[in-house]
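What follows is the content of start.cif (mmCIF, C-alpha atoms and all ligand atoms).
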```cif
data_entry
#
loop_
_atom_site.label_atom_id
_atom_site.label_comp_id
_atom_site.auth_asym_id
_atom_site.auth_seq_id
_atom_site.Cartn_x
_atom_site.Cartn_y
_atom_site.Cartn_z
CA MET U 1 0.00 0.00 0.00
CA ILE U 2 2.02 2.93 -1.32
CA PRO U 3 1.37 6.35 -2.84
CA GLU U 4 0.48 6.26 -6.50
CA THR U 5 3.48 8.41 -7.39
CA LEU U 6 5.85 5.82 -5.92
CA ARG U 7 3.92 3.07 -7.73
CA ILE U 8 4.44 4.88 -11.04
CA LEU U 9 8.21 5.13 -10.40
CA LEU U 10 8.34 1.39 -9.69
CA ASP U 11 6.32 0.60 -12.81
CA ASN U 12 8.84 2.63 -14.82
CA THR U 13 11.78 0.71 -13.34
CA GLN U 14 13.34 -2.28 -15.07
CA GLY U 15 16.06 -3.74 -12.89
CA GLN U 16 17.50 -1.22 -10.43
CA ARG U 17 17.84 2.56 -10.41
CA HIS U 18 17.82 5.72 -8.30
CA ALA U 19 14.92 8.16 -8.58
CA GLU U 20 13.55 11.12 -6.67
CA TRP U 21 10.36 10.72 -4.66
CA ALA U 22 8.91 13.37 -2.32
CA GLY U 23 12.24 15.21 -2.55
CA ARG U 24 14.19 12.14 -1.38
CA ASP U 25 16.73 10.01 -3.21
CA VAL U 26 15.06 6.61 -3.48
CA TRP U 27 16.65 3.36 -4.66
CA LEU U 28 14.24 1.16 -6.61
CA ALA U 29 14.29 -2.45 -7.78
CA ASN U 30 11.75 -4.13 -10.03
CA GLU U 31 13.20 -7.58 -10.64
CA SER U 32 12.03 -11.12 -11.36
CA TRP U 33 12.02 -11.86 -7.59
CA GLY U 34 9.91 -8.80 -6.72
CA GLU U 35 10.04 -5.10 -5.88
CA LEU U 36 11.93 -3.03 -3.32
CA ALA U 37 12.12 0.71 -2.64
CA VAL U 38 14.52 2.25 -0.10
CA SER U 39 14.77 5.94 0.79
CA LEU U 40 18.29 7.20 1.45
CA GLN U 41 16.80 9.57 3.98
CA GLY U 42 16.81 7.31 7.02
CA ALA U 43 17.90 4.13 5.14
CA GLN U 44 14.19 3.47 5.22
CA VAL U 45 12.63 0.58 3.31
CA LEU U 46 9.46 2.04 1.79
CA HIS U 47 8.14 -0.89 -0.21
CA TYR U 48 8.60 -4.61 -0.63
CA ALA U 49 6.51 -6.96 -2.75
CA PRO U 50 7.62 -10.48 -3.69
CA ALA U 51 6.82 -11.45 -7.28
CA SER U 52 4.31 -14.03 -6.04
CA ASP U 53 2.05 -11.17 -4.89
CA HIS U 54 1.40 -10.35 -8.53
CA ALA U 55 0.74 -13.93 -9.68
CA PRO U 56 -3.02 -14.66 -9.65
CA ALA U 57 -3.99 -17.80 -7.74
CA GLU U 58 -5.25 -20.61 -9.96
CA GLY U 59 -8.86 -20.05 -10.98
CA SER U 60 -9.04 -16.57 -9.42
CA SER U 61 -9.10 -13.11 -10.94
CA PRO U 62 -5.82 -11.15 -10.76
CA ALA U 63 -6.84 -8.82 -7.94
CA PRO U 64 -3.81 -7.29 -6.22
CA ASP U 65 -3.01 -8.70 -2.79
CA ASN U 66 -4.42 -6.68 0.07
CA ALA U 67 -6.79 -4.77 -2.21
CA PRO U 68 -9.27 -2.66 -0.28
CA ALA U 69 -12.11 -4.76 1.03
CA GLU U 70 -15.62 -3.62 0.22
CA GLY U 71 -16.68 -1.17 2.89
CA SER U 72 -13.12 -0.89 4.23
CA ALA U 73 -11.44 2.28 5.42
CA ALA U 74 -10.20 3.34 1.95
CA SER U 75 -11.47 6.82 1.15
CA PRO U 76 -12.60 8.02 -2.26
CA GLY U 77 -9.98 10.07 -4.03
CA GLU U 78 -7.08 8.76 -1.95
CA THR U 79 -3.76 8.39 -3.68
CA LEU U 80 -2.72 5.18 -1.92
CA VAL U 81 -2.66 2.15 -4.19
CA PRO U 82 -2.79 -1.46 -2.98
CA GLY U 83 0.10 -3.89 -3.20
CA GLY U 84 3.16 -4.76 -1.15
CA TRP U 85 3.62 -5.59 2.51
CA LEU U 86 4.36 -2.08 3.76
CA TRP U 87 2.34 1.13 4.02
CA VAL U 88 3.60 4.65 3.23
CA THR U 89 1.64 7.86 3.76
CA PRO U 90 0.55 9.56 0.53
CA THR U 91 1.16 12.94 2.24
CA PRO U 92 4.74 12.82 3.55
CA GLN U 93 6.22 15.73 5.48
CA ALA U 94 8.59 18.00 3.57
CA LEU U 95 12.30 17.60 4.25
CA PRO U 96 13.88 17.49 6.78
CA GLY U 97 10.84 15.74 8.25
CA ALA U 98 10.79 11.95 8.31
CA ILE U 99 8.63 9.85 6.01
CA ARG U 100 5.85 8.08 7.89
CA GLY U 101 5.73 4.55 6.56
CA GLY U 102 7.83 1.64 5.45
CA ILE U 103 10.40 0.68 8.09
CA PRO U 104 11.89 3.77 9.79
CA LEU U 105 15.04 3.13 11.80
CA CYS U 106 14.64 4.43 15.36
CA TRP U 107 18.20 4.86 16.62
CA PRO U 108 19.91 5.10 19.07
CA TRP U 109 16.76 5.28 21.09
CA PHE U 110 13.13 4.27 20.90
CA ALA U 111 10.54 7.03 21.46
CA ASP U 112 12.04 9.41 24.06
CA GLU U 113 14.21 6.80 25.83
CA HIS U 114 17.45 8.66 25.17
CA THR U 115 20.83 7.02 25.43
CA ALA U 116 22.30 6.94 28.92
CA ASP U 117 25.77 8.39 28.71
CA GLU U 118 27.35 11.54 29.98
CA SER U 119 27.39 13.43 26.68
CA SER U 120 25.01 15.79 24.97
CA ASP U 121 23.60 12.75 23.15
CA ARG U 122 21.11 12.52 26.01
CA SER U 123 18.79 14.93 24.24
CA GLY U 124 17.31 14.77 20.79
CA PRO U 125 14.22 14.03 18.71
CA MET U 126 11.55 11.38 19.25
CA HIS U 127 12.88 8.01 17.96
CA GLY U 128 16.41 9.43 17.53
CA PRO U 129 18.16 11.26 14.68
CA ALA U 130 18.76 8.34 12.29
CA ARG U 131 15.40 8.38 10.53
CA LYS U 132 15.82 11.99 9.38
CA ALA U 133 19.51 11.71 8.47
CA ASN U 134 20.92 11.18 4.99
CA TRP U 135 22.44 7.75 4.42
CA ARG U 136 24.79 6.47 1.73
CA LEU U 137 24.18 3.29 -0.24
CA GLU U 138 27.58 1.59 0.19
CA ALA U 139 26.94 -1.65 -1.71
CA VAL U 140 24.31 -3.52 -3.69
CA ASP U 141 25.01 -7.25 -3.84
CA GLU U 142 23.04 -9.92 -5.63
CA HIS U 143 21.98 -12.36 -2.92
CA GLU U 144 20.02 -15.64 -2.91
CA ASP U 145 18.03 -14.72 -6.00
CA GLY U 146 17.44 -11.31 -4.50
CA VAL U 147 19.42 -8.34 -3.36
CA GLU U 148 21.39 -7.18 -0.32
CA LEU U 149 21.95 -3.48 0.38
CA HIS U 150 24.45 -1.96 2.81
CA LEU U 151 23.85 1.58 4.06
CA SER U 152 25.70 3.99 6.36
CA PRO U 153 24.81 7.51 7.52
CA LEU U 154 26.60 10.38 5.80
CA GLU U 155 27.12 12.23 9.08
CA ARG U 156 28.10 11.28 12.61
CA LEU U 157 24.90 10.73 14.61
CA HIS U 158 26.34 9.94 18.06
CA SER U 159 29.62 10.73 19.78
CA GLN U 160 30.51 7.08 20.48
CA LEU U 161 28.19 4.91 18.40
CA VAL U 162 28.02 4.27 14.66
CA PRO U 163 25.05 2.57 12.99
CA ARG U 164 24.78 0.75 9.69
CA ALA U 165 21.89 -1.01 8.00
CA VAL U 166 21.59 -4.14 5.88
CA VAL U 167 18.49 -4.86 3.78
CA GLN U 168 17.95 -8.24 2.14
CA ALA U 169 15.01 -8.92 -0.16
CA ASN U 170 14.18 -11.94 -2.26
CA ALA U 171 11.14 -13.80 -3.54
CA HIS U 172 10.22 -15.03 -0.05
CA ARG U 173 11.21 -12.53 2.58
CA LEU U 174 12.34 -9.07 3.58
CA HIS U 175 15.06 -8.88 6.22
CA VAL U 176 16.39 -5.68 7.81
CA GLU U 177 19.31 -5.36 10.22
CA LEU U 178 20.29 -2.29 12.22
CA ILE U 179 23.82 -2.76 13.52
CA THR U 180 25.38 -0.51 16.15
CA GLU U 181 29.14 -0.40 16.69
CA HIS U 182 30.65 1.14 19.78
CA LEU U 183 33.79 3.07 18.82
CA GLY U 184 34.07 5.10 22.03
CA GLU U 185 35.47 4.78 25.53
CA THR U 186 32.55 4.38 27.94
CA PRO U 187 29.54 2.00 28.07
CA VAL U 188 26.36 3.36 26.48
CA LYS U 189 22.80 2.16 26.97
CA ILE U 190 20.77 2.06 23.76
CA THR U 191 17.23 1.24 22.71
CA GLY U 192 15.76 1.40 19.21
CA ALA U 193 13.24 -0.01 16.79
CA LEU U 194 12.59 -1.21 13.28
CA HIS U 195 9.31 0.69 13.19
CA SER U 196 7.50 -1.42 10.56
CA TYR U 197 4.31 0.07 9.11
CA LEU U 198 2.60 -3.08 7.84
CA ALA U 199 -0.11 -2.68 5.18
CA VAL U 200 -3.42 -4.15 6.31
CA ALA U 201 -6.98 -4.23 4.98
CA ASP U 202 -8.30 -2.60 8.17
CA ALA U 203 -6.14 -1.86 11.21
CA HIS U 204 -9.16 -2.22 13.46
CA ALA U 205 -9.90 -5.77 12.35
CA CYS U 206 -6.49 -7.42 12.77
CA ARG U 207 -5.19 -10.22 14.93
CA VAL U 208 -1.61 -10.44 16.19
CA GLU U 209 -0.82 -14.00 17.21
CA GLY U 210 2.00 -15.09 19.51
CA LEU U 211 1.61 -12.65 22.39
CA ALA U 212 -0.97 -14.49 24.51
CA GLY U 213 0.12 -14.38 28.14
CA ALA U 214 2.86 -11.79 27.53
CA ARG U 215 3.22 -8.78 29.80
CA TYR U 216 3.01 -5.36 28.21
CA LEU U 217 3.23 -1.69 29.05
CA ASP U 218 0.14 0.18 27.90
CA LYS U 219 1.27 3.63 26.76
CA LEU U 220 -2.35 4.75 26.57
CA LYS U 221 -2.69 4.04 30.31
CA ASP U 222 0.46 5.79 31.48
CA PHE U 223 2.60 2.68 30.95
CA ALA U 224 0.38 0.45 33.10
CA ASP U 225 1.86 -3.06 33.44
CA CYS U 226 -0.70 -5.52 31.96
CA GLU U 227 -0.95 -9.12 30.82
CA GLN U 228 -2.27 -10.10 27.38
CA GLN U 229 -5.36 -12.28 27.80
CA GLY U 230 -5.58 -14.62 24.78
CA GLU U 231 -4.42 -13.54 21.34
CA LEU U 232 -4.40 -9.81 20.56
CA GLY U 233 -7.29 -8.48 18.48
CA VAL U 234 -6.78 -4.85 17.41
CA ARG U 235 -10.08 -2.95 17.32
CA GLY U 236 -9.03 0.69 17.60
CA ARG U 237 -6.25 2.95 18.88
CA ILE U 238 -3.43 0.95 20.44
CA ASP U 239 0.07 1.76 21.74
CA ARG U 240 1.69 -1.09 23.66
CA ILE U 241 5.17 -2.43 24.34
CA TYR U 242 5.06 -6.22 24.73
CA HIS U 243 7.86 -7.96 26.60
CA SER U 244 8.37 -11.00 24.42
CA ASN U 245 10.91 -12.60 22.12
CA ALA U 246 8.29 -14.72 20.33
CA GLU U 247 7.71 -14.63 16.59
CA VAL U 248 4.35 -13.11 15.86
CA VAL U 249 1.91 -13.44 12.99
CA LEU U 250 -0.19 -10.52 11.77
CA ASP U 251 -3.47 -11.69 10.28
CA ASP U 252 -5.63 -9.06 8.56
CA GLU U 253 -7.97 -11.68 7.09
CA GLN U 254 -6.36 -11.21 3.67
CA ARG U 255 -2.76 -12.14 4.46
CA ARG U 256 -0.84 -13.78 7.28
CA LEU U 257 2.53 -12.13 7.74
CA ARG U 258 5.13 -13.77 9.98
CA ILE U 259 7.39 -11.34 11.86
CA ALA U 260 10.59 -12.83 13.24
CA ARG U 261 12.99 -10.73 15.30
CA GLN U 262 16.65 -10.89 16.17
CA ASN U 263 17.95 -9.65 19.55
CA SER U 264 14.65 -8.00 20.34
CA ASP U 265 12.62 -8.71 23.48
CA SER U 266 10.18 -5.85 22.84
CA VAL U 267 7.36 -5.83 20.31
CA VAL U 268 5.63 -2.48 19.90
CA VAL U 269 2.10 -2.56 18.50
CA TRP U 270 0.84 0.87 17.46
CA ASN U 271 -2.02 2.40 15.52
CA PRO U 272 -3.25 5.94 16.22
CA GLY U 273 -6.95 5.15 15.72
CA GLU U 274 -9.19 8.10 14.93
CA ALA U 275 -6.61 10.77 15.87
CA PRO U 276 -3.64 10.17 13.57
CA PRO U 277 -0.61 12.47 13.29
CA GLU U 278 -0.92 15.53 11.05
CA ASP U 279 0.80 13.89 8.08
CA THR U 280 -1.81 11.14 7.81
CA ALA U 281 -5.54 11.21 7.04
CA PRO U 282 -7.70 9.10 9.38
CA ALA U 283 -8.84 6.82 6.54
CA ASP U 284 -5.22 6.21 5.50
CA ALA U 285 -4.25 5.42 9.10
CA ARG U 286 -6.71 2.51 9.04
CA ARG U 287 -4.50 0.88 6.42
CA PHE U 288 -1.44 0.21 8.61
CA LEU U 289 -0.61 -1.51 11.83
CA CYS U 290 2.88 -0.99 13.25
CA VAL U 291 4.36 -4.18 14.68
CA GLU U 292 7.86 -3.12 15.65
CA SER U 293 10.92 -5.20 16.41
CA ALA U 294 12.40 -3.17 19.22
CA ASN U 295 14.65 -2.74 22.20
CA THR U 296 12.88 -0.51 24.71
CA ARG U 297 12.98 0.32 28.42
CA LEU U 298 12.01 -3.35 28.90
CA ASP U 299 15.17 -4.69 27.24
CA PRO U 300 17.75 -1.91 26.85
CA VAL U 301 21.16 -2.90 25.55
CA TRP U 302 24.34 -1.86 27.36
CA LEU U 303 27.07 -1.62 24.75
CA VAL U 304 30.67 -1.63 25.93
CA PRO U 305 33.56 -0.15 23.91
CA GLY U 306 34.41 -2.39 20.96
CA ALA U 307 31.11 -4.28 21.08
CA GLN U 308 28.34 -4.30 18.53
CA HIS U 309 24.61 -4.98 18.62
CA LEU U 310 22.38 -6.25 15.81
CA LEU U 311 18.65 -5.58 15.90
CA GLY U 312 16.86 -7.46 13.13
CA THR U 313 13.49 -8.28 11.67
CA THR U 314 12.38 -10.76 9.04
CA LEU U 315 9.02 -10.60 7.30
CA SER U 316 7.69 -13.64 5.45
CA ARG U 317 4.34 -15.12 4.55
CA ASP U 318 2.81 -17.49 7.07
CA THR U 319 1.30 -20.29 5.03
O1 LIG K 401 4.98 10.03 15.22
P1 LIG K 401 6.24 9.25 15.47
O2 LIG K 401 7.32 10.06 16.14
O3 LIG K 401 6.72 8.60 14.21
O4 LIG K 401 5.87 8.10 16.47
C1 LIG K 401 4.81 7.26 16.16
C2 LIG K 401 4.54 6.26 17.28
O5 LIG K 401 5.61 5.36 17.36
C3 LIG K 401 5.36 4.26 18.24
O6 LIG K 401 6.47 3.42 18.22
C4 LIG K 401 5.14 4.78 19.64
O7 LIG K 401 4.87 3.70 20.52
C5 LIG K 401 4.00 5.77 19.64
O8 LIG K 401 3.82 6.30 20.95
C6 LIG K 401 4.28 6.88 18.65
O9 LIG K 401 3.18 7.77 18.60
#
```

For this file, produce the structure as structure tokens.
Amino acid sequence: MIPETLRILLDNTQGQRHAEWAGRDVWLANESWGELAVSLQGAQVLHYAPASDHAPAEGSSPAPDNAPAEGSAASPGETLVPGGWLWVTPTPQALPGAIRGGIPLCWPWFADEHTADESSDRSGPMHGPARKANWRLEAVDEHEDGVELHLSPLERLHSQLVPRAVVQANAHRLHVELITEHLGETPVKITGALHSYLAVADAHACRVEGLAGARYLDKLKDFADCEQQGELGVRGRIDRIYHSNAEVVLDDEQRRLRIARQNSDSVVVWNPGEAPPEDTAPADARRFLCVESANTRLDPVWLVPGAQHLLGTTLSRDT
């Protein structure tokens, strides 16, 4: 589910190329294994669609996967078009604002949980500076019938820590790694997130399986400590941090997406409900559910000098 203008750029791509979208340098691939779009602002994956999403099932009409259901939240005149596993707002903020959608990298902290060291790095924007920064595409490697990208920020984002990102996409899965290297002298506590905006038919009719019995902090109830009773059904505004290392499956009744995580004991589930942020119309906000692979206040990482930490997520179909 991406803006029509991004769809048109992908349709006009054969193989791989750079293009400009919403004022950002965007790397695009339209290959036999599928499609990928990555913004160099934030090293942010904006779109992924395996080729199988376009192949009509035997005996069925070739409707795109995740097409709006009759009576769903899609609004007339919207410029979002169906297709792909990720959602991107059709009305992105102007630069230097961040793009809402895809998989923003929240680094080196999640939300306002700033790094704990003695430097000025203790202050800064919500979700850290990485998502607004300009990144460089260091390498594009062919990989398992797909592609592997390596990205690094153009500027220094922290006095002691350096991030890099790896994106792998092929016909079966999308995998993103956010790697932090400690090049400084003193231990630093970090959090962070791969803030995945997953495209869904209706955010208020989704099921997230795998969290039954898990404890969570409810941000809508001043971080009240709660326990998940049964599987999670999302029916409206939600903002929770689950303490779990389990794989989860997002079922929107049209697709079952498996979300595996590496070195993440926090799963953030977020949808703004009827009061979305300014850069998103309420009807468009019904078309995503964030299920984030994260390190939060529940599982912060203490990095010592010379060490590195890898936060990862892998999206695949659950069959
Ligand atoms: O609007 P932002 O800064 O992208 O953040 C979006 C949301 O991100 C989620 O991860 C947080 O749990 C929410 O509280 C927050 O509102």

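Residues in contact with Tyr216 in chain U at up to 10 Å, not including ones fewer than 5 positions away on its chain and judged by all atoms listed in the file, are U:Leu211, U:Phe223, U:Ala224, U:Asp225, U:Cys226, U:Glu227, U:Gln228, U:Arg240, U:Ile241, U:Tyr242, U:His243, U:Ser244, U:Ser266, U:Val267, U:Val268, U:Leu298.
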
Per-residue nearest contacts of range 170-252 of chain U to range 303-312 of chain U (9 Å; only C-alpha atoms) as a tab-separated table:
```
residue	atom	partner	partner_atom	distance
U:His175	CA	U:Gly312	CA	7.3
U:Val176	CA	U:Gly312	CA	5.6
U:Glu177	CA	U:Gly312	CA	4.3
U:Leu178	CA	U:Leu311	CA	5.2
U:Ile179	CA	U:Leu310	CA	4.4
U:Thr180	CA	U:His309	CA	5.2
U:Glu181	CA	U:Gln308	CA	4.4
U:His182	CA	U:Pro305	CA	5.2
U:Leu183	CA	U:Gly306	CA	5.9
U:Gly184	CA	U:Pro305	CA	5.6
U:Glu185	CA	U:Pro305	CA	5.5
U:Thr186	CA	U:Pro305	CA	6.1
U:Pro187	CA	U:Val304	CA	4.4
U:Val188	CA	U:Leu303	CA	5.3
U:Lys189	CA	U:Leu303	CA	6.1
U:Ile190	CA	U:Leu303	CA	7.4
U:Gly192	CA	U:Leu311	CA	8.2
U:Ala193	CA	U:Leu311	CA	7.8
U:Leu194	CA	U:Gly312	CA	7.6
```

Among the residues U:Thr5, U:Gln229, U:Ser316, U:Ser196, the one that comes closest to ligand LIG 401 (chain K) [using only C-alpha atoms and all ligand atoms] = U:Ser196

Counting all atoms listed in the file, what residues are within 10 Å of ligand LIG 401 (chain K), given as a ChimeraX atom specification?
-> /U:98-101,104,106,110-112,125-128,131,192-197,218-220,238-241,267-272,276-279,290-294,296

Using only C-alpha atoms, please write the residues we just selected to a file, as a compact mmCIF listing (two decimals), in the frame of the given file.
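Final output, saved to again-v9.txt:
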```
# COMPACT_ATOMS: atom_id res chain seq x y z
CA ALA U 98 10.79 11.95 8.31
CA ILE U 99 8.63 9.85 6.01
CA ARG U 100 5.85 8.08 7.89
CA GLY U 101 5.73 4.55 6.56
CA PRO U 104 11.89 3.77 9.79
CA CYS U 106 14.64 4.43 15.36
CA PHE U 110 13.13 4.27 20.90
CA ALA U 111 10.54 7.03 21.46
CA ASP U 112 12.04 9.41 24.06
CA PRO U 125 14.22 14.03 18.71
CA MET U 126 11.55 11.38 19.25
CA HIS U 127 12.88 8.01 17.96
CA GLY U 128 16.41 9.43 17.53
CA ARG U 131 15.40 8.38 10.53
CA GLY U 192 15.76 1.40 19.21
CA ALA U 193 13.24 -0.01 16.79
CA LEU U 194 12.59 -1.21 13.28
CA HIS U 195 9.31 0.69 13.19
CA SER U 196 7.50 -1.42 10.56
CA TYR U 197 4.31 0.07 9.11
CA ASP U 218 0.14 0.18 27.90
CA LYS U 219 1.27 3.63 26.76
CA LEU U 220 -2.35 4.75 26.57
CA ILE U 238 -3.43 0.95 20.44
CA ASP U 239 0.07 1.76 21.74
CA ARG U 240 1.69 -1.09 23.66
CA ILE U 241 5.17 -2.43 24.34
CA VAL U 267 7.36 -5.83 20.31
CA VAL U 268 5.63 -2.48 19.90
CA VAL U 269 2.10 -2.56 18.50
CA TRP U 270 0.84 0.87 17.46
CA ASN U 271 -2.02 2.40 15.52
CA PRO U 272 -3.25 5.94 16.22
CA PRO U 276 -3.64 10.17 13.57
CA PRO U 277 -0.61 12.47 13.29
CA GLU U 278 -0.92 15.53 11.05
CA ASP U 279 0.80 13.89 8.08
CA CYS U 290 2.88 -0.99 13.25
CA VAL U 291 4.36 -4.18 14.68
CA GLU U 292 7.86 -3.12 15.65
CA SER U 293 10.92 -5.20 16.41
CA ALA U 294 12.40 -3.17 19.22
CA THR U 296 12.88 -0.51 24.71
```

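For Leu137 in chain U, the non-local neighbours within 8 Å, defined as residues at least 2 positions apart in the same chain or in other chains and counting all atoms listed in the file, are U:Leu40, U:Trp135, U:Ala139, U:Val140, U:Leu149, U:His150, U:Leu151, U:Ser152.
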
Choose the residue, out of U:Trp107, U:Thr79, U:Ala199, U:Val208, that has the smallest atom-to-atom separation from Leu161 in chain U; count all atoms listed in the file.
->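 Checking each candidate against Leu161 in chain U, we get U:Trp107 as the closest.
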
Can you list, as JSON, numbers by chain, every protein, DNA or RNA residue that comes within 12 Å of Val200 in chain U when you count all atoms listed in the file, leaving out same-chain residues fewer than 2 positions away?
-> {"U": [1, 2, 65, 66, 67, 68, 69, 72, 73, 74, 82, 83, 84, 85, 86, 87, 88, 197, 198, 202, 203, 204, 205, 206, 207, 208, 234, 250, 251, 252, 253, 254, 255, 256, 257, 271, 284, 285, 286, 287, 288, 289, 290, 291]}

Identify which of the residues U:Asn263, U:Glu274, U:Ala43, U:Thr280 lies closest to Leu105 in chain U, counting all atoms listed in the file when measuring atom-to-atom distances.
->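 Under the stated criterion, the closest residue is U:Ala43.
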
Which of U:Ala283, U:Leu9, U:Leu174, U:Ala51 sits closest to Arg258 in chain U [using all atoms listed in the file] | U:Leu174

Find the residue from U:Asp11, U:Glu231, U:Asp318, U:Asp25 that sits nearest to Ala212 in chain U; use all atoms listed in the file when measuring.
->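 Closest candidate: U:Glu231.
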
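One finds CA of Glu209 in chain U at 22.8 Å from CA of Arg297 in chain U.
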
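Among the candidates U:Pro129, U:Gly15, U:Gly124, U:Gly146, the residue lying nearest to Trp33 in chain U is U:Gly146 (atoms considered: all atoms listed in the file).
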
Kindly give the distance, in Å, that separates CA of Ala246 in chain U and CA of Ala165 in chain U, rounded to a single decimal.
->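 Between these atoms lies a distance of 22.9 Å.
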
Report the distance between CA of Gln160 in chain U and CA of Gln41 in chain U in Å, rounded to one decimal place.
->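 Between CA of Gln160 in chain U and CA of Gln41 in chain U the gap is 21.6 Å.
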
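The point (8.5, -14.7, 17.3) has these residues within 8 Å of it when all atoms listed in the file are used: Gly210, Asn245, Ala246, Glu247, Val248, Val249, Ile259, Ala260 and Arg261 of chain U.
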
Cut-off 10 Å around (4.3, -9.2, -8.2) with all atoms listed in the file: residues as an mmCIF file with C-alpha atoms, in the frame of the given file:
```cif
data_model
loop_
_atom_site.group_PDB
_atom_site.id
_atom_site.type_symbol
_atom_site.label_atom_id
_atom_site.label_comp_id
_atom_site.auth_asym_id
_atom_site.auth_seq_id
_atom_site.Cartn_x
_atom_site.Cartn_y
_atom_site.Cartn_z
ATOM 1 C CA ASN U 30 11.750 -4.130 -10.030
ATOM 2 C CA GLU U 31 13.200 -7.580 -10.640
ATOM 3 C CA SER U 32 12.030 -11.120 -11.360
ATOM 4 C CA TRP U 33 12.020 -11.860 -7.590
ATOM 5 C CA GLY U 34 9.910 -8.800 -6.720
ATOM 6 C CA GLU U 35 10.040 -5.100 -5.880
ATOM 7 C CA TYR U 48 8.600 -4.610 -0.630
ATOM 8 C CA ALA U 49 6.510 -6.960 -2.750
ATOM 9 C CA PRO U 50 7.620 -10.480 -3.690
ATOM 10 C CA ALA U 51 6.820 -11.450 -7.280
ATOM 11 C CA SER U 52 4.310 -14.030 -6.040
ATOM 12 C CA ASP U 53 2.050 -11.170 -4.890
ATOM 13 C CA HIS U 54 1.400 -10.350 -8.530
ATOM 14 C CA ALA U 55 0.740 -13.930 -9.680
ATOM 15 C CA PRO U 56 -3.020 -14.660 -9.650
ATOM 16 C CA PRO U 64 -3.810 -7.290 -6.220
ATOM 17 C CA ASP U 65 -3.010 -8.700 -2.790
ATOM 18 C CA GLY U 83 0.100 -3.890 -3.200
ATOM 19 C CA GLY U 84 3.160 -4.760 -1.150
ATOM 20 C CA ALA U 171 11.140 -13.800 -3.540
#
```
